[in-house]
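Q: Below is start20.cif; it holds mmCIF, C-alpha atoms and all ligand atoms.
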data_final
loop_
_atom_site.label_atom_id
_atom_site.label_comp_id
_atom_site.auth_asym_id
_atom_site.auth_seq_id
_atom_site.Cartn_x
_atom_site.Cartn_y
_atom_site.Cartn_z
CA MET Z 188 351.76 17.01 -0.34
CA LEU Z 189 348.89 19.09 1.00
CA PRO Z 190 346.14 16.91 2.50
CA VAL Z 191 342.71 17.20 0.88
CA ILE Z 192 339.90 17.76 3.39
CA GLY Z 193 336.38 16.88 2.20
CA ILE Z 194 333.62 19.14 3.55
CA THR Z 195 329.91 18.31 3.52
CA ALA Z 196 327.48 21.03 2.45
CA ASN Z 197 323.95 22.29 2.92
CA PHE Z 198 321.39 21.32 0.31
CA ASP Z 199 318.78 23.85 -0.76
CA ALA Z 200 316.30 21.44 -2.34
CA GLU Z 201 313.85 24.14 -3.41
CA ASN Z 202 316.40 26.06 -5.47
CA HIS Z 203 318.57 23.06 -6.45
CA ARG Z 204 321.64 24.55 -4.77
CA THR Z 205 324.60 23.29 -2.78
CA THR Z 206 325.49 25.98 -0.25
CA LEU Z 207 328.14 26.36 2.44
CA SER Z 208 329.66 29.17 4.47
CA THR Z 209 333.17 29.92 3.23
CA ASP Z 210 334.24 29.95 6.91
CA TYR Z 211 334.85 26.17 6.71
CA SER Z 212 336.92 26.08 3.51
CA ARG Z 213 338.95 29.14 4.56
CA ALA Z 214 339.71 27.54 7.95
CA VAL Z 215 341.02 24.41 6.19
CA GLU Z 216 343.07 26.51 3.78
CA ARG Z 217 344.51 28.64 6.61
CA ALA Z 218 345.37 25.43 8.51
CA GLY Z 219 347.40 24.17 5.53
CA GLY Z 220 344.93 21.84 3.80
CA ILE Z 221 343.06 21.81 0.49
CA PRO Z 222 339.28 22.07 1.00
CA LEU Z 223 336.98 20.06 -1.25
CA ILE Z 224 333.20 20.47 -0.94
CA ILE Z 225 331.14 17.29 -1.28
CA PRO Z 226 327.72 17.80 -2.91
CA ILE Z 227 324.55 15.74 -2.45
CA LEU Z 228 324.76 12.53 -4.48
CA ASP Z 229 321.90 10.79 -6.25
CA GLU Z 230 323.78 7.54 -5.63
CA PRO Z 231 324.93 7.69 -1.99
CA ASP Z 232 326.50 4.23 -2.31
CA ARG Z 233 329.37 5.99 -4.09
CA VAL Z 234 330.70 7.37 -0.78
CA GLU Z 235 333.67 4.96 -0.81
CA ALA Z 236 334.82 6.37 -4.16
CA ILE Z 237 334.63 9.92 -2.72
CA LEU Z 238 336.62 8.89 0.36
CA ASP Z 239 339.36 7.47 -1.88
CA HIS Z 240 340.18 11.07 -2.87
CA ILE Z 241 340.36 12.76 0.54
CA HIS Z 242 342.65 12.59 3.59
CA GLY Z 243 340.24 14.07 6.11
CA LEU Z 244 336.56 14.96 6.40
CA ILE Z 245 334.55 17.74 8.04
CA LEU Z 246 330.88 17.06 8.79
CA THR Z 247 329.41 20.56 8.88
CA GLY Z 248 326.54 22.31 10.65
CA GLY Z 249 323.00 22.50 9.33
CA VAL Z 250 319.45 21.37 9.88
CA ASP Z 251 318.22 18.70 12.32
CA LEU Z 252 318.87 15.00 11.91
CA ASP Z 253 315.92 12.73 11.11
CA PRO Z 254 315.29 10.96 14.46
CA SER Z 255 314.42 7.71 12.68
CA TYR Z 256 318.20 7.21 12.40
CA PHE Z 257 318.26 6.73 16.18
CA GLY Z 258 314.98 4.87 16.43
CA GLU Z 259 312.64 7.72 17.45
CA ASN Z 260 309.59 9.41 16.04
CA PRO Z 261 309.67 13.20 15.60
CA HIS Z 262 309.26 15.32 18.75
CA PRO Z 263 306.93 18.35 18.22
CA LYS Z 264 309.96 20.67 18.56
CA LEU Z 265 312.02 18.87 15.92
CA GLY Z 266 313.09 21.44 13.31
CA ARG Z 267 313.60 21.18 9.57
CA VAL Z 268 315.36 18.02 8.36
CA SER Z 269 317.17 17.21 5.11
CA PRO Z 270 316.55 13.64 3.95
CA GLU Z 271 319.06 14.21 1.12
CA ARG Z 272 321.85 15.23 3.51
CA ASP Z 273 321.12 12.40 5.97
CA ARG Z 274 321.05 9.82 3.17
CA LEU Z 275 324.52 10.90 2.04
CA GLU Z 276 326.17 11.80 5.34
CA ILE Z 277 325.23 8.79 7.50
CA PRO Z 278 326.91 6.27 5.14
CA LEU Z 279 329.74 8.76 4.46
CA ALA Z 280 330.49 9.04 8.21
CA GLN Z 281 330.21 5.26 8.71
CA ALA Z 282 332.60 4.53 5.84
CA ALA Z 283 335.02 7.22 7.09
CA LEU Z 284 334.89 5.72 10.60
CA SER Z 285 335.63 2.24 9.34
CA ARG Z 286 338.70 3.40 7.39
CA LYS Z 287 339.82 5.63 10.32
CA LEU Z 288 339.87 8.70 8.10
CA PRO Z 289 340.57 11.84 10.18
CA LEU Z 290 337.12 13.21 10.92
CA LEU Z 291 335.88 16.45 12.48
CA GLY Z 292 332.16 16.86 13.21
CA ILE Z 293 330.91 20.38 13.87
CA CYS Z 294 327.46 21.13 15.40
CA ARG Z 295 325.09 19.01 13.25
CA GLY Z 296 328.34 17.15 12.45
CA ILE Z 297 328.96 15.96 16.05
CA GLN Z 298 325.34 14.83 16.17
CA LEU Z 299 325.59 13.03 12.85
CA LEU Z 300 328.86 11.38 13.90
CA ASN Z 301 327.29 10.18 17.16
CA VAL Z 302 324.18 8.80 15.44
CA ALA Z 303 326.16 7.20 12.59
CA ALA Z 304 328.14 5.32 15.27
CA GLY Z 305 325.02 4.17 17.15
CA GLY Z 306 324.30 6.97 19.64
CA ALA Z 307 321.20 9.13 20.15
CA LEU Z 308 320.26 12.83 20.46
CA TYR Z 309 318.01 15.18 22.33
CA GLN Z 310 315.64 16.28 19.57
CA ASP Z 311 315.08 19.51 21.50
CA ILE Z 312 317.26 20.48 24.47
CA ASN Z 313 314.76 22.93 25.97
CA SER Z 314 311.97 20.36 26.24
CA GLN Z 315 314.06 17.25 26.97
CA ALA Z 316 317.04 18.30 29.14
CA LYS Z 317 316.92 19.53 32.75
CA ASP Z 318 317.55 23.26 33.44
CA PRO Z 319 319.34 24.04 30.18
CA LEU Z 320 321.20 27.29 29.51
CA LYS Z 321 320.74 29.21 26.25
CA HIS Z 322 322.27 27.09 23.50
CA TYR Z 323 320.89 29.06 20.58
CA GLN Z 324 322.61 32.38 21.03
CA GLU Z 325 321.31 35.57 19.49
CA ALA Z 326 324.74 37.18 19.81
CA PRO Z 327 326.96 37.43 16.69
CA ARG Z 328 328.39 34.28 15.11
CA TRP Z 329 331.91 34.74 16.49
CA PHE Z 330 330.81 35.59 20.05
CA PRO Z 331 331.74 33.04 22.74
CA SER Z 332 328.46 32.92 24.65
CA HIS Z 333 328.83 30.00 27.10
CA GLU Z 334 331.56 28.06 28.87
CA VAL Z 335 332.60 24.48 28.25
CA LYS Z 336 334.74 22.34 30.52
CA LEU Z 337 337.30 20.27 28.63
CA ASP Z 338 338.81 16.98 29.81
CA LEU Z 339 342.56 17.62 29.44
CA ALA Z 340 343.24 13.87 29.25
CA THR Z 341 341.42 13.70 25.89
CA ARG Z 342 342.75 14.57 22.42
CA THR Z 343 340.27 17.45 22.14
CA GLY Z 344 341.40 18.75 25.55
CA LYS Z 345 345.07 18.53 24.60
CA ILE Z 346 344.48 20.34 21.29
CA HIS Z 347 343.02 23.29 23.20
CA GLY Z 348 345.29 22.99 26.24
CA VAL Z 349 342.83 24.66 28.62
CA LYS Z 350 340.31 23.31 31.14
CA THR Z 351 337.71 25.98 30.40
CA LEU Z 352 336.84 27.59 27.09
CA ARG Z 353 334.06 30.00 26.10
CA VAL Z 354 332.44 28.93 22.85
CA ASN Z 355 329.66 30.05 20.52
CA SER Z 356 326.43 28.04 20.50
CA PHE Z 357 323.86 27.59 17.71
CA HIS Z 358 322.05 24.36 18.45
CA HIS Z 359 318.79 23.12 19.94
CA GLN Z 360 319.74 19.45 19.65
CA ALA Z 361 322.61 17.68 21.42
CA VAL Z 362 324.16 14.27 22.04
CA SER Z 363 322.12 12.39 24.68
CA ARG Z 364 323.38 8.77 24.51
CA VAL Z 365 327.06 8.65 23.50
CA ALA Z 366 327.86 6.12 20.75
CA PRO Z 367 329.76 2.94 21.75
CA GLY Z 368 333.53 3.45 21.55
CA PHE Z 369 333.25 7.23 22.02
CA ILE Z 370 334.02 9.32 25.12
CA VAL Z 371 332.86 12.78 26.18
CA THR Z 372 335.53 15.49 25.93
CA ALA Z 373 333.58 18.68 26.75
CA TRP Z 374 330.51 19.67 28.75
CA ALA Z 375 328.50 22.88 29.08
CA PRO Z 376 327.75 24.02 32.68
CA ASP Z 377 324.22 22.56 32.36
CA GLY Z 378 325.66 19.11 31.64
CA ILE Z 379 324.92 19.21 27.90
CA ILE Z 380 327.58 17.28 25.96
CA GLU Z 381 329.63 19.66 23.79
CA GLY Z 382 332.43 17.36 22.59
CA ILE Z 383 333.06 13.65 21.86
CA GLU Z 384 335.88 11.63 20.35
CA ARG Z 385 336.76 8.01 19.61
CA PRO Z 386 340.00 7.50 21.49
CA ASP Z 387 341.06 4.41 19.52
CA ASP Z 388 341.35 6.47 16.29
CA PRO Z 389 344.12 8.87 15.29
CA PHE Z 390 341.56 11.70 14.89
CA THR Z 391 337.79 11.26 15.29
CA ILE Z 392 336.46 14.37 17.00
CA GLY Z 393 333.12 16.13 17.30
CA VAL Z 394 332.39 19.54 18.82
CA GLN Z 395 329.02 21.17 19.36
CA TRP Z 396 330.32 24.72 18.86
CA HIS Z 397 331.35 26.39 15.57
CA PRO Z 398 335.14 26.95 15.59
CA GLU Z 399 334.99 27.97 11.89
CA GLY Z 400 332.97 31.01 12.97
CA MET Z 401 335.46 32.04 15.67
CA TRP Z 402 339.05 31.59 14.41
CA GLU Z 403 339.29 34.95 12.70
CA LYS Z 404 338.54 36.72 15.99
CA ASP Z 405 340.43 34.27 18.21
CA ALA Z 406 343.25 32.24 16.61
CA ARG Z 407 342.96 29.52 19.30
CA PHE Z 408 339.91 28.23 17.44
CA LEU Z 409 342.01 27.34 14.39
CA ALA Z 410 343.67 24.59 16.50
CA LEU Z 411 341.10 21.89 15.64
CA PHE Z 412 341.55 22.54 11.91
CA THR Z 413 345.34 22.52 12.23
CA ALA Z 414 345.19 19.20 14.10
CA LEU Z 415 342.79 17.76 11.49
CA VAL Z 416 345.10 18.80 8.63
CA GLU Z 417 348.11 17.30 10.45
CA ALA Z 418 346.20 14.04 10.94
CA GLY Z 419 345.27 14.20 7.24
CA GLN Z 420 348.94 14.53 6.35
CA THR Z 421 349.79 11.42 8.38
CA PHE Z 422 346.85 9.57 6.80
CA ALA Z 423 348.00 10.56 3.28
CA ARG Z 424 351.47 9.13 3.96
CA SER Z 425 350.20 5.81 5.31
MN MN Z 501 326.06 24.94 23.38
#
What is this structure when it is put down as C-alpha cells?
Ligand code: MN
A:
Amino acid sequence: MLPVIGITANFDAENHRTTLSTDYSRAVERAGGIPLIIPILDEPDRVEAILDHIHGLILTGGVDLDPSYFGENPHPKLGRVSPERDRLEIPLAQAALSRKLPLLGICRGIQLLNVAAGGALYQDINSQAKDPLKHYQEAPRWFPSHEVKLDLATRTGKIHGVKTLRVNSFHHQAVSRVAPGFIVTAWAPDGIIEGIERPDDPFTIGVQWHPEGMWEKDARFLALFTALVEAGQTFARS
C-alpha cells in the first residue's frame, strides 16, 4: 500500500483560491507516496478526521506566522500573515504530534511545528539576530546559497549523511527558542537554526530550507521525502 502524505497549502483569501507549488506533490510522488493537498477548513476542529486518512504530513512554506501564537505582539518587520492557515495548521500539527504521525515541516513549516509544540521565533532575523548572513536569497529557487552544519548523530543528519550541506534559503523568520522535546539538527554559519526534530518520535523533522525546490537539480534533496514516505509506510502498517 502506498502511504498517503497530506500537504498543507497556501490560501489566497482575496481570490478564494487554494494554491501550492507542484514541487511538493511531485517530490512525494517521486519518493513513492500519494500526495493529498489539505485545503483551508471552515471548521478547523475537523483536523482529527483529516488525519485519519493520511500516513504522513508535510507542513509547507508560506507567509509569516502570527506571533500571538508564541505570546508576542507584531514586530514592525513582521510580514504578511494568514489567520486562516494558522487557525488550521496549529491544531493540525498539534494533533499530528500527539498521534506521532510522520511529519515534515519545511520553511514556514519548521516554524509552525516549533510554535505548535511551544517554541518561539525570530519575527525578523535581520533586526533580531546578531550578524546574520543573507537568508532571503535572490538567486534561483534551486540554488544552494548558504551552508548548514548537520549533527550526524540526529535523524536529519543521518538521512543526509554529510556534516556540511549547501541549501537554498527563502526566509526572514527562524526558530529562536526550540520547543520542549525538540533538538537542533542543523545550523547556518551565523548560528541561525536551520533544522529541528523530536528524537522520541519515529519521524518529526523540520528544515528551514526548501528541499522540494532542489531535488530535481540535486537528487540528494529527495532524501527527506523518501524517509518521510518510508516512515509513512511503517505508520500505515501499525
Ligand atoms: Mn537560511
Q: Can you measure CA of Gly193 in chain Z to CA of Leu223 in chain Z for me? One decimal in Å is fine.
A: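 One can read the CA of Gly193 in chain Z to CA of Leu223 in chain Z distance as 4.7 Å.
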Q: Which residues, written as a compact mmCIF listing (two decimals) with C-alpha atoms, keeping the file's coordinate frame, have at least one atom at most 7 Å from range 230-238 of chain Z, with all atoms listed in the file counted and residues fewer than 5 positions away on the same chain left out?
A:
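Produced file around.txt, reproduced below:
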# COMPACT_ATOMS: atom_id res chain seq x y z
CA ARG Z 274 321.05 9.82 3.17
CA LEU Z 275 324.52 10.90 2.04
CA LEU Z 279 329.74 8.76 4.46
CA ALA Z 282 332.60 4.53 5.84
Q: Residues within 9 Å of ligand MN 501 (chain Z), counting only C-alpha atoms and all ligand atoms: report them as an mmCIF file with C-alpha atoms, in the coordinates of the input.
A:
data_model
loop_
_atom_site.group_PDB
_atom_site.id
_atom_site.type_symbol
_atom_site.label_atom_id
_atom_site.label_comp_id
_atom_site.auth_asym_id
_atom_site.auth_seq_id
_atom_site.Cartn_x
_atom_site.Cartn_y
_atom_site.Cartn_z
ATOM 1 C CA CYS Z 294 327.460 21.130 15.400
ATOM 2 C CA LEU Z 320 321.200 27.290 29.510
ATOM 3 C CA LYS Z 321 320.740 29.210 26.250
ATOM 4 C CA HIS Z 322 322.270 27.090 23.500
ATOM 5 C CA TYR Z 323 320.890 29.060 20.580
ATOM 6 C CA GLN Z 324 322.610 32.380 21.030
ATOM 7 C CA SER Z 332 328.460 32.920 24.650
ATOM 8 C CA HIS Z 333 328.830 30.000 27.100
ATOM 9 C CA GLU Z 334 331.560 28.060 28.870
ATOM 10 C CA VAL Z 335 332.600 24.480 28.250
ATOM 11 C CA VAL Z 354 332.440 28.930 22.850
ATOM 12 C CA ASN Z 355 329.660 30.050 20.520
ATOM 13 C CA SER Z 356 326.430 28.040 20.500
ATOM 14 C CA PHE Z 357 323.860 27.590 17.710
ATOM 15 C CA HIS Z 358 322.050 24.360 18.450
ATOM 16 C CA HIS Z 359 318.790 23.120 19.940
ATOM 17 C CA ALA Z 361 322.610 17.680 21.420
ATOM 18 C CA TRP Z 374 330.510 19.670 28.750
ATOM 19 C CA ALA Z 375 328.500 22.880 29.080
ATOM 20 C CA ILE Z 379 324.920 19.210 27.900
ATOM 21 C CA ILE Z 380 327.580 17.280 25.960
ATOM 22 C CA GLU Z 381 329.630 19.660 23.790
ATOM 23 C CA GLN Z 395 329.020 21.170 19.360
ATOM 24 C CA TRP Z 396 330.320 24.720 18.860
#
Q: So which one's closest to Asp338 in chain Z, Z:Ile297, Z:Leu409, Z:Ile383, Z:Ala316? Using all atoms listed in the file, please.
A: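 Using all atoms listed in the file, Asp338 in chain Z sits closest to Z:Ile383.
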Q: Quick one: distance from CA of Pro190 in chain Z to CA of His240 in chain Z in Å, one decimal?
A: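 So the two atoms, CA of Pro190 in chain Z and CA of His240 in chain Z, lie 9.9 Å apart.
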Q: Could you tell me which of Z:Ile194, Z:Ala423, Z:Ala373, Z:Ile346 comes closest to Ile227 in chain Z if we count only C-alpha atoms?
A: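 Closest residue, counting only C-alpha atoms: Z:Ile194.
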Q: Could you check the closest approach to Leu415 in chain Z for each of Z:Pro278, Z:Pro389, Z:Gly306, Z:Pro376 and tell me which residue wins, using all atoms listed in the file?
A: Z:Pro389
Q: Which residue gives the smallest distance to Ser255 in chain Z among Z:Thr205, Z:Gln420, Z:Gln310, Z:Ser425, with all atoms listed in the file counted?
A: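 The shortest atom-to-atom distance to Ser255 in chain Z comes from Z:Gln310.
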Q: I'd like the contact shell of Phe412 in chain Z - 9 Å cut-off, only C-alpha atoms, skipping same-chain residues fewer than 3 positions apart - returned as a PyMOL selection string.
A: chain Z and resi 214-215+217-220+291+398-399+408-409+415-417
Q: Counting only C-alpha atoms, write as a ChimeraX atom specification all protein and nucleic acid residues lying at most 6 Å from (333.4, 12.1, 7.6) in the file's frame.
A: /Z:244-246,279-280,283,290
Q: CA of Lys287 in chain Z and CA of Asp251 in chain Z, how far apart in Å?
A: 25.3 Å
Q: Between Z:Ile241, Z:Leu207, Z:Met401, Z:Ala418, single out the one closest to Val191 in chain Z, counting only C-alpha atoms.
A: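 The shortest atom-to-atom distance to Val191 in chain Z comes from Z:Ile241.
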Q: Restricting the calculation to only C-alpha atoms: of Z:Asp253, Z:Asp210, Z:Glu201, Z:Asp387, which residue gets closest to Pro367 in chain Z?
A: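 Counting only C-alpha atoms, the residue closest to Pro367 in chain Z is Z:Asp387.
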Q: Excluding range 262-265 of chain Z and any residue of its chain fewer than 6 positions from it, enumerate the residues within 10 Å of it, using all atoms listed in the file, and give them as a list in words.
A: Val250, Asp251, Leu252, Asp253, Pro254, Tyr309, Gln310, Asp311, Ile312, Asn313, Ser314, Gln315, His359 and Gln360 of chain Z
Q: Okay, now the selection with C-alpha atoms, as a PDB file, in the coordinates of the input?
A:
ATOM      1  CA  VAL Z 250     319.450  21.370   9.880  1.00  0.00           C
ATOM      2  CA  ASP Z 251     318.220  18.700  12.320  1.00  0.00           C
ATOM      3  CA  LEU Z 252     318.870  15.000  11.910  1.00  0.00           C
ATOM      4  CA  ASP Z 253     315.920  12.730  11.110  1.00  0.00           C
ATOM      5  CA  PRO Z 254     315.290  10.960  14.460  1.00  0.00           C
ATOM      6  CA  TYR Z 309     318.010  15.180  22.330  1.00  0.00           C
ATOM      7  CA  GLN Z 310     315.640  16.280  19.570  1.00  0.00           C
ATOM      8  CA  ASP Z 311     315.080  19.510  21.500  1.00  0.00           C
ATOM      9  CA  ILE Z 312     317.260  20.480  24.470  1.00  0.00           C
ATOM     10  CA  ASN Z 313     314.760  22.930  25.970  1.00  0.00           C
ATOM     11  CA  SER Z 314     311.970  20.360  26.240  1.00  0.00           C
ATOM     12  CA  GLN Z 315     314.060  17.250  26.970  1.00  0.00           C
ATOM     13  CA  HIS Z 359     318.790  23.120  19.940  1.00  0.00           C
ATOM     14  CA  GLN Z 360     319.740  19.450  19.650  1.00  0.00           C
TER      15      GLN Z 360
END
Q: Would you compute, for all listed atoms of range 316-335 of chain Z, the axis-aligned bounding box grown by 4 Å on each side, and then report its centre and edge lengths in Å rounded to one decimal, as lines of an AutoDock Vina configuration file?
A:
center_x = 324.8
center_y = 27.9
center_z = 24.3
size_x = 23.7
size_y = 27.1
size_z = 26.3
Q: Output range 236-247 of chain Z as a PDB file, in the frame of the given file, making sure all heavy atoms are there.
A:
ATOM      1  N   ALA Z 236     334.028   5.789  -3.066  1.00  0.00           N
ATOM      2  CA  ALA Z 236     334.820   6.370  -4.160  1.00  0.00           C
ATOM      3  C   ALA Z 236     335.201   7.815  -3.830  1.00  0.00           C
ATOM      4  O   ALA Z 236     336.289   8.265  -4.182  1.00  0.00           O
ATOM      5  CB  ALA Z 236     334.030   6.304  -5.463  1.00  0.00           C
ATOM      6  N   ILE Z 237     334.303   8.541  -3.146  1.00  0.00           N
ATOM      7  CA  ILE Z 237     334.630   9.920  -2.720  1.00  0.00           C
ATOM      8  C   ILE Z 237     335.762   9.862  -1.688  1.00  0.00           C
ATOM      9  O   ILE Z 237     336.728  10.616  -1.767  1.00  0.00           O
ATOM     10  CB  ILE Z 237     333.394  10.601  -2.103  1.00  0.00           C
ATOM     11  CG1 ILE Z 237     332.338  10.816  -3.182  1.00  0.00           C
ATOM     12  CG2 ILE Z 237     333.789  11.895  -1.380  1.00  0.00           C
ATOM     13  CD1 ILE Z 237     331.826  12.200  -3.332  1.00  0.00           C
ATOM     14  N   LEU Z 238     335.624   8.960  -0.715  1.00  0.00           N
ATOM     15  CA  LEU Z 238     336.620   8.890   0.360  1.00  0.00           C
ATOM     16  C   LEU Z 238     338.004   8.539  -0.165  1.00  0.00           C
ATOM     17  O   LEU Z 238     339.009   8.924   0.435  1.00  0.00           O
ATOM     18  CB  LEU Z 238     336.176   7.888   1.441  1.00  0.00           C
ATOM     19  CG  LEU Z 238     334.917   8.272   2.232  1.00  0.00           C
ATOM     20  CD1 LEU Z 238     334.568   7.179   3.239  1.00  0.00           C
ATOM     21  CD2 LEU Z 238     335.089   9.608   2.954  1.00  0.00           C
ATOM     22  N   ASP Z 239     338.062   7.819  -1.288  1.00  0.00           N
ATOM     23  CA  ASP Z 239     339.360   7.470  -1.880  1.00  0.00           C
ATOM     24  C   ASP Z 239     340.180   8.707  -2.260  1.00  0.00           C
ATOM     25  O   ASP Z 239     341.382   8.616  -2.441  1.00  0.00           O
ATOM     26  CB  ASP Z 239     339.171   6.604  -3.138  1.00  0.00           C
ATOM     27  CG  ASP Z 239     338.718   5.193  -2.797  1.00  0.00           C
ATOM     28  OD1 ASP Z 239     338.850   4.792  -1.619  1.00  0.00           O
ATOM     29  OD2 ASP Z 239     338.227   4.487  -3.700  1.00  0.00           O
ATOM     30  N   HIS Z 240     339.497   9.855  -2.394  1.00  0.00           N
ATOM     31  CA  HIS Z 240     340.180  11.070  -2.870  1.00  0.00           C
ATOM     32  C   HIS Z 240     340.516  12.072  -1.775  1.00  0.00           C
ATOM     33  O   HIS Z 240     341.043  13.140  -2.068  1.00  0.00           O
ATOM     34  CB  HIS Z 240     339.323  11.755  -3.935  1.00  0.00           C
ATOM     35  CG  HIS Z 240     339.201  10.946  -5.184  1.00  0.00           C
ATOM     36  ND1 HIS Z 240     340.158  10.951  -6.168  1.00  0.00           N
ATOM     37  CD2 HIS Z 240     338.259  10.055  -5.578  1.00  0.00           C
ATOM     38  CE1 HIS Z 240     339.792  10.125  -7.130  1.00  0.00           C
ATOM     39  NE2 HIS Z 240     338.645   9.556  -6.793  1.00  0.00           N
ATOM     40  N   ILE Z 241     340.129  11.769  -0.526  1.00  0.00           N
ATOM     41  CA  ILE Z 241     340.360  12.760   0.540  1.00  0.00           C
ATOM     42  C   ILE Z 241     341.157  12.152   1.692  1.00  0.00           C
ATOM     43  O   ILE Z 241     341.195  10.926   1.861  1.00  0.00           O
ATOM     44  CB  ILE Z 241     339.028  13.372   1.059  1.00  0.00           C
ATOM     45  CG1 ILE Z 241     338.108  12.302   1.649  1.00  0.00           C
ATOM     46  CG2 ILE Z 241     338.319  14.157  -0.060  1.00  0.00           C
ATOM     47  CD1 ILE Z 241     336.812  12.861   2.231  1.00  0.00           C
ATOM     48  N   HIS Z 242     341.785  13.031   2.474  1.00  0.00           N
ATOM     49  CA  HIS Z 242     342.650  12.590   3.590  1.00  0.00           C
ATOM     50  C   HIS Z 242     342.080  13.009   4.935  1.00  0.00           C
ATOM     51  O   HIS Z 242     342.704  12.800   5.977  1.00  0.00           O
ATOM     52  CB  HIS Z 242     344.050  13.157   3.397  1.00  0.00           C
ATOM     53  CG  HIS Z 242     344.577  12.942   2.013  1.00  0.00           C
ATOM     54  ND1 HIS Z 242     344.827  13.963   1.125  1.00  0.00           N
ATOM     55  CD2 HIS Z 242     344.842  11.783   1.346  1.00  0.00           C
ATOM     56  CE1 HIS Z 242     345.253  13.457  -0.029  1.00  0.00           C
ATOM     57  NE2 HIS Z 242     345.263  12.143   0.087  1.00  0.00           N
ATOM     58  N   GLY Z 243     340.926  13.651   4.895  1.00  0.00           N
ATOM     59  CA  GLY Z 243     340.240  14.070   6.110  1.00  0.00           C
ATOM     60  C   GLY Z 243     338.853  14.536   5.725  1.00  0.00           C
ATOM     61  O   GLY Z 243     338.595  14.775   4.539  1.00  0.00           O
ATOM     62  N   LEU Z 244     337.956  14.618   6.717  1.00  0.00           N
ATOM     63  CA  LEU Z 244     336.560  14.960   6.400  1.00  0.00           C
ATOM     64  C   LEU Z 244     335.994  15.856   7.505  1.00  0.00           C
ATOM     65  O   LEU Z 244     336.192  15.590   8.695  1.00  0.00           O
ATOM     66  CB  LEU Z 244     335.734  13.663   6.316  1.00  0.00           C
ATOM     67  CG  LEU Z 244     334.226  13.790   6.099  1.00  0.00           C
ATOM     68  CD1 LEU Z 244     333.903  14.432   4.753  1.00  0.00           C
ATOM     69  CD2 LEU Z 244     333.554  12.407   6.189  1.00  0.00           C
ATOM     70  N   ILE Z 245     335.295  16.911   7.082  1.00  0.00           N
ATOM     71  CA  ILE Z 245     334.550  17.740   8.040  1.00  0.00           C
ATOM     72  C   ILE Z 245     333.051  17.542   7.779  1.00  0.00           C
ATOM     73  O   ILE Z 245     332.581  17.721   6.652  1.00  0.00           O
ATOM     74  CB  ILE Z 245     334.898  19.236   7.912  1.00  0.00           C
ATOM     75  CG1 ILE Z 245     336.382  19.459   8.220  1.00  0.00           C
ATOM     76  CG2 ILE Z 245     334.025  20.072   8.861  1.00  0.00           C
ATOM     77  CD1 ILE Z 245     336.832  20.912   8.061  1.00  0.00           C
ATOM     78  N   LEU Z 246     332.339  17.123   8.830  1.00  0.00           N
ATOM     79  CA  LEU Z 246     330.880  17.060   8.790  1.00  0.00           C
ATOM     80  C   LEU Z 246     330.387  18.385   9.349  1.00  0.00           C
ATOM     81  O   LEU Z 246     330.651  18.699  10.510  1.00  0.00           O
ATOM     82  CB  LEU Z 246     330.368  15.893   9.646  1.00  0.00           C
ATOM     83  CG  LEU Z 246     330.883  14.505   9.248  1.00  0.00           C
ATOM     84  CD1 LEU Z 246     330.593  13.491  10.362  1.00  0.00           C
ATOM     85  CD2 LEU Z 246     330.253  14.048   7.938  1.00  0.00           C
ATOM     86  N   THR Z 247     329.713  19.167   8.541  1.00  0.00           N
ATOM     87  CA  THR Z 247     329.410  20.560   8.880  1.00  0.00           C
ATOM     88  C   THR Z 247     328.067  20.718   9.598  1.00  0.00           C
ATOM     89  O   THR Z 247     327.291  19.777   9.729  1.00  0.00           O
ATOM     90  CB  THR Z 247     329.414  21.416   7.607  1.00  0.00           C
ATOM     91  OG1 THR Z 247     328.479  20.867   6.680  1.00  0.00           O
ATOM     92  CG2 THR Z 247     330.798  21.462   6.971  1.00  0.00           C
TER      93      THR Z 247
END
